[in-house]
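A.B. asks: So that we are looking at the same thing, I have put the structure below in structure tokens.
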Amino acid sequence: MHYLGIDVGGTSIKAGLVNEAGRVLESRRALTVADDLNGFLSALTELVRGFQKAAAIDAIGIGVPGLHSSRTHIIETSPNLPCLRRVNLEELLADQVHIRTISENDANAAAYAEFVCGAGVGLRHMAHLTIGTGLGSGFVLNGSLFTGASGYGGEFGHTVLNAGSARQNAGRLCGCGNHGCVEMFVSATGIVLTAEDMMREAPESLLHDLEWPLTSEKIYEVAVRGDAIAREVFKETARYLGIACANLINLLNLEMIIIGGGVMGAGDLLMNSAREIAQRHAFPSAYADCRIVQSKLWPDAGMIGAAMLARDR
Ligand SMILES: [Zn+2]
């Protein structure tokens with residue numbers, strides 16, 4: 001049996017032909033059309049047809065950023081893809097290609113991949129965090145993917161980590177409209193915001209020599225060159241990541257927190273101190289039961305998870 005896993009991102013769509021065991025046999029990419037549903041759907045259809053020439057596809061899974069209803073299968077809203085507002089994507093695509101199609105939130109799909117064929121195989125309670133532009137998260141609890149009452153659960157990135165003070169400032173404004181979300185501290189976006197805060201008081205930092213706009217990659221390079229402030233930015237990010245992990249450990253008594261995403265290119269600067277901070281803030285016995293590890297399947301986790309959900313649903 002062969003499944004097609006599709007991971008829809010803000011700039012590109014990745015699709016992979018995946019076998020029964022979750023191994024990617026072949027993958028292709030297309031550009032995301034963000035503001036026109038017909039254009040978006042025809043890019044998707046063309047991708048699928050490309051694979052259909054090579055192999056018989058038993059089912060398709062699509063991972064989409066945004067709120068996906070488990071009741072109606074409609075994507076209620078997708079902040080970076082305005083054309084997907086209130087759209088039943090699985091029905092639209094199935095009508096075009098005549099293959100059974102399911103859809104799921106992309107971060108949930110990535111968590112499912114690590115659970116069935118990645119770092120979390122054999123576990124029953126785990127979280128998966130994708131640290132990229134934002135912070136995606138998905139949870140497997142009691143051995144199954146947890147999506148909440150209507151499919152919108154697991155949005156840990158949009159829980160509040162630092163609400164600021166009501167009198168002075170309300171905390172960093174998040175894309176979701178809330179202030180002080182975890183994602184505003186633990187993400188590429190958060191790293192840039194933290195750098196901007198710290199640079200103001202450190203005119204000697206090499207960060208001032210960087211070309212604007214700042215990116216987390218540029219800040220990482222300066223940190224590797226030994227700039228104290230850039231290193232401090234990653235230390236602070238690791239501190240927030242560690243606190244976020246401790247919150248998850250105390251709330252859910254997880255066996256594992258798996259971390260992937262583009263920012264984990266700086267993994268060595270983040271992971272060790274994040275573990276230390278998590279240990280400091282979590283209940284010792286709950287911390288002792290939980291391992292915090294790097295993803296096995298990134299950057300393919302979303303694609304593989306979508307295919308595995310198509311296999312299992
Ligand atoms: Zn938010």
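Ordering of the structure tokens sets the chain letters (A, B, ...), residue numbers begin anew at 1 in every chain, and ligands are numbered from 1 in the order given.
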For ligand 1, collect every residue having any atom at a distance of at most 8 Å from a ligand atom (counting only C-alpha atoms and all ligand atoms); output as a JSON list (two decimals) with all heavy atoms, in the first residue's frame.
C.D. replies:
[["chain", "number", "residue", "atom", "x", "y", "z"],
["A", 157, "GLY", "N", 1.57, 26.70, 21.49],
["A", 157, "GLY", "CA", 2.28, 27.92, 21.08],
["A", 157, "GLY", "C", 1.48, 29.18, 21.37],
["A", 157, "GLY", "O", 2.04, 30.27, 21.49],
["A", 158, "HIS", "N", 0.16, 29.03, 21.49],
["A", 158, "HIS", "CA", -0.70, 30.19, 21.75],
["A", 158, "HIS", "C", -1.27, 30.16, 23.16],
["A", 158, "HIS", "O", -2.33, 30.73, 23.41],
["A", 158, "HIS", "CB", -1.78, 30.31, 20.68],
["A", 158, "HIS", "CG", -1.19, 30.54, 19.34],
["A", 158, "HIS", "ND1", -0.63, 31.74, 18.97],
["A", 158, "HIS", "CD2", -0.98, 29.69, 18.31],
["A", 158, "HIS", "CE1", -0.12, 31.63, 17.75],
["A", 158, "HIS", "NE2", -0.33, 30.40, 17.33],
["A", 159, "THR", "N", -0.57, 29.49, 24.06],
["A", 159, "THR", "CA", -0.86, 29.70, 25.48],
["A", 159, "THR", "C", 0.09, 30.80, 25.94],
["A", 159, "THR", "O", 1.15, 31.01, 25.34],
["A", 159, "THR", "CB", -0.64, 28.41, 26.31],
["A", 159, "THR", "OG1", 0.73, 28.01, 26.17],
["A", 159, "THR", "CG2", -1.54, 27.29, 25.83],
["A", 160, "VAL", "N", -0.27, 31.50, 27.00],
["A", 160, "VAL", "CA", 0.48, 32.70, 27.39],
["A", 160, "VAL", "C", 1.62, 32.34, 28.35],
["A", 160, "VAL", "O", 1.42, 31.67, 29.35],
["A", 160, "VAL", "CB", -0.46, 33.75, 28.00],
["A", 160, "VAL", "CG1", 0.32, 34.94, 28.52],
["A", 160, "VAL", "CG2", -1.49, 34.19, 26.96],
["A", 173, "LEU", "N", 2.94, 41.22, 21.14],
["A", 173, "LEU", "CA", 1.71, 40.95, 20.39],
["A", 173, "LEU", "C", 1.94, 39.78, 19.42],
["A", 173, "LEU", "O", 2.84, 39.81, 18.59],
["A", 173, "LEU", "CB", 1.29, 42.21, 19.62],
["A", 173, "LEU", "CG", 0.07, 42.05, 18.72],
["A", 173, "LEU", "CD1", -1.18, 41.72, 19.54],
["A", 173, "LEU", "CD2", -0.16, 43.32, 17.89],
["A", 174, "CYS", "N", 1.10, 38.76, 19.53],
["A", 174, "CYS", "CA", 1.22, 37.57, 18.68],
["A", 174, "CYS", "C", 0.32, 37.71, 17.45],
["A", 174, "CYS", "O", -0.65, 38.46, 17.46],
["A", 174, "CYS", "CB", 0.81, 36.34, 19.50],
["A", 174, "CYS", "SG", 0.91, 34.79, 18.61],
["A", 175, "GLY", "N", 0.63, 36.94, 16.40],
["A", 175, "GLY", "CA", -0.19, 36.93, 15.19],
["A", 175, "GLY", "C", -1.63, 36.50, 15.46],
["A", 175, "GLY", "O", -2.54, 36.82, 14.69],
["A", 176, "CYS", "N", -1.87, 35.80, 16.56],
["A", 176, "CYS", "CA", -3.22, 35.32, 16.88],
["A", 176, "CYS", "C", -4.06, 36.42, 17.54],
["A", 176, "CYS", "O", -5.25, 36.23, 17.78],
["A", 176, "CYS", "CB", -3.15, 34.10, 17.78],
["A", 176, "CYS", "SG", -2.71, 34.47, 19.50],
["A", 177, "GLY", "N", -3.43, 37.56, 17.85],
["A", 177, "GLY", "CA", -4.17, 38.66, 18.47],
["A", 177, "GLY", "C", -3.95, 38.74, 19.97],
["A", 177, "GLY", "O", -4.28, 39.73, 20.60],
["A", 178, "ASN", "N", -3.39, 37.67, 20.54],
["A", 178, "ASN", "CA", -3.14, 37.60, 21.97],
["A", 178, "ASN", "C", -1.77, 38.24, 22.28],
["A", 178, "ASN", "O", -0.97, 38.47, 21.39],
["A", 178, "ASN", "CB", -3.11, 36.12, 22.35],
["A", 178, "ASN", "CG", -3.62, 35.87, 23.74],
["A", 178, "ASN", "OD1", -3.67, 36.77, 24.57],
["A", 178, "ASN", "ND2", -3.98, 34.63, 24.00],
["A", 179, "HIS", "N", -1.52, 38.51, 23.54],
["A", 179, "HIS", "CA", -0.22, 39.05, 23.95],
["A", 179, "HIS", "C", 0.55, 38.03, 24.77],
["A", 179, "HIS", "O", -0.02, 37.38, 25.64],
["A", 179, "HIS", "CB", -0.41, 40.31, 24.82],
["A", 179, "HIS", "CG", -0.87, 41.50, 24.03],
["A", 179, "HIS", "ND1", 0.01, 42.42, 23.51],
["A", 179, "HIS", "CD2", -2.10, 41.90, 23.65],
["A", 179, "HIS", "CE1", -0.66, 43.36, 22.86],
["A", 179, "HIS", "NE2", -1.95, 43.06, 22.94],
["A", 180, "GLY", "N", 1.87, 37.92, 24.51],
["A", 180, "GLY", "CA", 2.74, 37.12, 25.37],
["A", 180, "GLY", "C", 2.69, 35.62, 25.14],
["A", 180, "GLY", "O", 3.10, 34.84, 26.02],
["A", 181, "CYS", "N", 2.20, 35.17, 23.96],
["A", 181, "CYS", "CA", 2.13, 33.73, 23.67],
["A", 181, "CYS", "C", 3.53, 33.10, 23.69],
["A", 181, "CYS", "O", 4.53, 33.75, 23.36],
["A", 181, "CYS", "CB", 1.55, 33.51, 22.28],
["A", 181, "CYS", "SG", -0.19, 33.88, 22.16],
["A", 182, "VAL", "N", 3.59, 31.80, 24.02],
["A", 182, "VAL", "CA", 4.84, 31.04, 24.00],
["A", 182, "VAL", "C", 5.57, 31.27, 22.67],
["A", 182, "VAL", "O", 6.78, 31.48, 22.63],
["A", 182, "VAL", "CB", 4.55, 29.53, 24.19],
["A", 182, "VAL", "CG1", 5.84, 28.72, 24.07],
["A", 182, "VAL", "CG2", 3.89, 29.26, 25.54],
["A", 183, "GLU", "N", 4.80, 31.26, 21.57],
["A", 183, "GLU", "CA", 5.37, 31.42, 20.22],
["A", 183, "GLU", "C", 6.13, 32.73, 20.03],
["A", 183, "GLU", "O", 7.02, 32.83, 19.19],
["A", 183, "GLU", "CB", 4.22, 31.27, 19.22],
["A", 183, "GLU", "CG", 4.39, 31.91, 17.90],
["A", 183, "GLU", "CD", 3.45, 31.35, 16.84],
["A", 183, "GLU", "OE1", 3.17, 30.15, 16.80],
["A", 183, "GLU", "OE2", 2.99, 32.16, 16.02],
["A", 184, "MET", "N", 5.80, 33.75, 20.81],
["A", 184, "MET", "CA", 6.49, 35.03, 20.69],
["A", 184, "MET", "C", 7.86, 35.03, 21.39],
["A", 184, "MET", "O", 8.60, 35.99, 21.32],
["A", 184, "MET", "CB", 5.61, 36.15, 21.26],
["A", 184, "MET", "CG", 4.44, 36.50, 20.37],
["A", 184, "MET", "SD", 4.99, 37.15, 18.77],
["A", 184, "MET", "CE", 4.81, 35.72, 17.73]]
A.B. asks: Extract, using only C-alpha atoms, all DNA, RNA and protein residues at most 7 Å from stretch 36-50 of chain A, discarding same-chain residues fewer than 4 positions from it, and format them as a list in words.
C.D. replies: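 My reading of the contact set: Ala30, Thr32, Cys83, Leu84, Leu93, Gln96 and Val97 of chain A.
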A.B. asks: The selected residues should be written to file as an mmCIF file, in the first residue's frame (atoms: N, CA and C atoms).
C.D. replies:
data_model
loop_
_atom_site.group_PDB
_atom_site.id
_atom_site.type_symbol
_atom_site.label_atom_id
_atom_site.label_comp_id
_atom_site.auth_asym_id
_atom_site.auth_seq_id
_atom_site.Cartn_x
_atom_site.Cartn_y
_atom_site.Cartn_z
ATOM 1 N N ALA A 30 5.861 22.076 -4.570
ATOM 2 C CA ALA A 30 5.212 23.076 -5.425
ATOM 3 C C ALA A 30 5.106 24.357 -4.609
ATOM 4 N N THR A 32 3.225 27.406 -2.842
ATOM 5 C CA THR A 32 1.900 27.610 -2.253
ATOM 6 C C THR A 32 1.264 28.860 -2.863
ATOM 7 N N CYS A 83 -6.777 31.901 1.582
ATOM 8 C CA CYS A 83 -7.728 31.221 0.683
ATOM 9 C C CYS A 83 -8.345 29.985 1.337
ATOM 10 N N LEU A 84 -7.811 29.537 2.460
ATOM 11 C CA LEU A 84 -8.336 28.319 3.080
ATOM 12 C C LEU A 84 -9.337 28.592 4.202
ATOM 13 N N LEU A 93 -10.245 18.163 -2.895
ATOM 14 C CA LEU A 93 -9.167 17.429 -3.565
ATOM 15 C C LEU A 93 -9.636 16.041 -4.008
ATOM 16 N N GLN A 96 -11.336 16.004 -7.256
ATOM 17 C CA GLN A 96 -10.446 16.173 -8.407
ATOM 18 C C GLN A 96 -9.699 14.888 -8.755
ATOM 19 N N VAL A 97 -9.199 14.180 -7.732
ATOM 20 C CA VAL A 97 -8.276 13.067 -8.022
ATOM 21 C C VAL A 97 -8.880 11.682 -7.742
#
A.B. asks: For A:Asn88, find every residue with an atom within 10 Å (counting only C-alpha atoms), except residues of its own chain fewer than 4 positions away, and show them as number ranges by chain.
C.D. replies: A: 68-69, 72-76, 84, 92-93, 102-103
A.B. asks: Could you give me, as a list in words, the residues within 7 Å of stretch 140-143 of chain A, counting only C-alpha atoms and dropping anything in the same chain fewer than 2 positions from it?
C.D. replies: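 Answer for this query is Arg124, His125, Met126, Ala127, Leu145 and Phe146 of chain A.
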A.B. asks: Please produce an output containing C-alpha atoms for each residue in the selection, written as a CSV table (one decimal), in the first residue's frame.
C.D. replies:
chain,number,residue,atom,x,y,z
A,124,ARG,CA,1.8,6.6,25.1
A,125,HIS,CA,2.2,10.2,26.3
A,126,MET,CA,4.3,12.7,24.3
A,127,ALA,CA,4.4,16.2,22.9
A,145,LEU,CA,-3.5,11.9,18.8
A,146,PHE,CA,-5.2,14.4,21.0
A.B. asks: Which of these residues is nearest to A:Ala301, using only C-alpha atoms: A:Ser70, A:Ser187, A:Asn108, A:Ser150?
C.D. replies: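 Closest to A:Ala301, using only C-alpha atoms: A:Asn108.
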A.B. asks: Kindly indicate which residue among A:His128, A:Arg28, A:Arg172, A:His2 lies nearest to A:Lys14, using only C-alpha atoms for the distances.
C.D. replies: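 Smallest distance to A:Lys14 is found for A:Arg28.
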A.B. asks: Which residues of stretch 187-220 of chain A come within 10 Å of stretch 264-277 of chain A, and what is each one's closest atom pair and distance in Å (one decimal), counting only C-alpha atoms, sorted by chain and residue number, as a tab-separated table?
C.D. replies:
residue	atom	partner	partner_atom	distance
A:Ser187	CA	A:Met264	CA	9.8
A:Ala188	CA	A:Met264	CA	9.9
A:Ser216	CA	A:Ala266	CA	9.3
A:Glu217	CA	A:Ala266	CA	8.5
A:Tyr220	CA	A:Ala266	CA	6.9
A.B. asks: Selected residues, N, CA, C and O atoms, written as a compact mmCIF listing (two decimals), in the first residue's frame, please.
C.D. replies:
# COMPACT_ATOMS: atom_id res chain seq x y z
N SER A 187 10.61 30.77 19.14
CA SER A 187 10.44 30.66 17.69
C SER A 187 11.49 31.55 17.05
O SER A 187 12.16 32.33 17.75
N ALA A 188 11.63 31.45 15.71
CA ALA A 188 12.56 32.35 15.01
C ALA A 188 12.13 33.80 15.23
O ALA A 188 12.96 34.69 15.45
N SER A 216 16.80 34.84 12.69
CA SER A 216 17.38 34.00 13.74
C SER A 216 18.69 33.37 13.24
O SER A 216 19.61 33.15 14.03
N GLU A 217 18.79 33.09 11.93
CA GLU A 217 20.04 32.51 11.38
C GLU A 217 21.21 33.48 11.54
O GLU A 217 22.30 33.09 11.94
N TYR A 220 22.26 33.65 15.05
CA TYR A 220 22.99 32.42 15.41
C TYR A 220 24.45 32.50 14.97
O TYR A 220 25.36 32.16 15.72
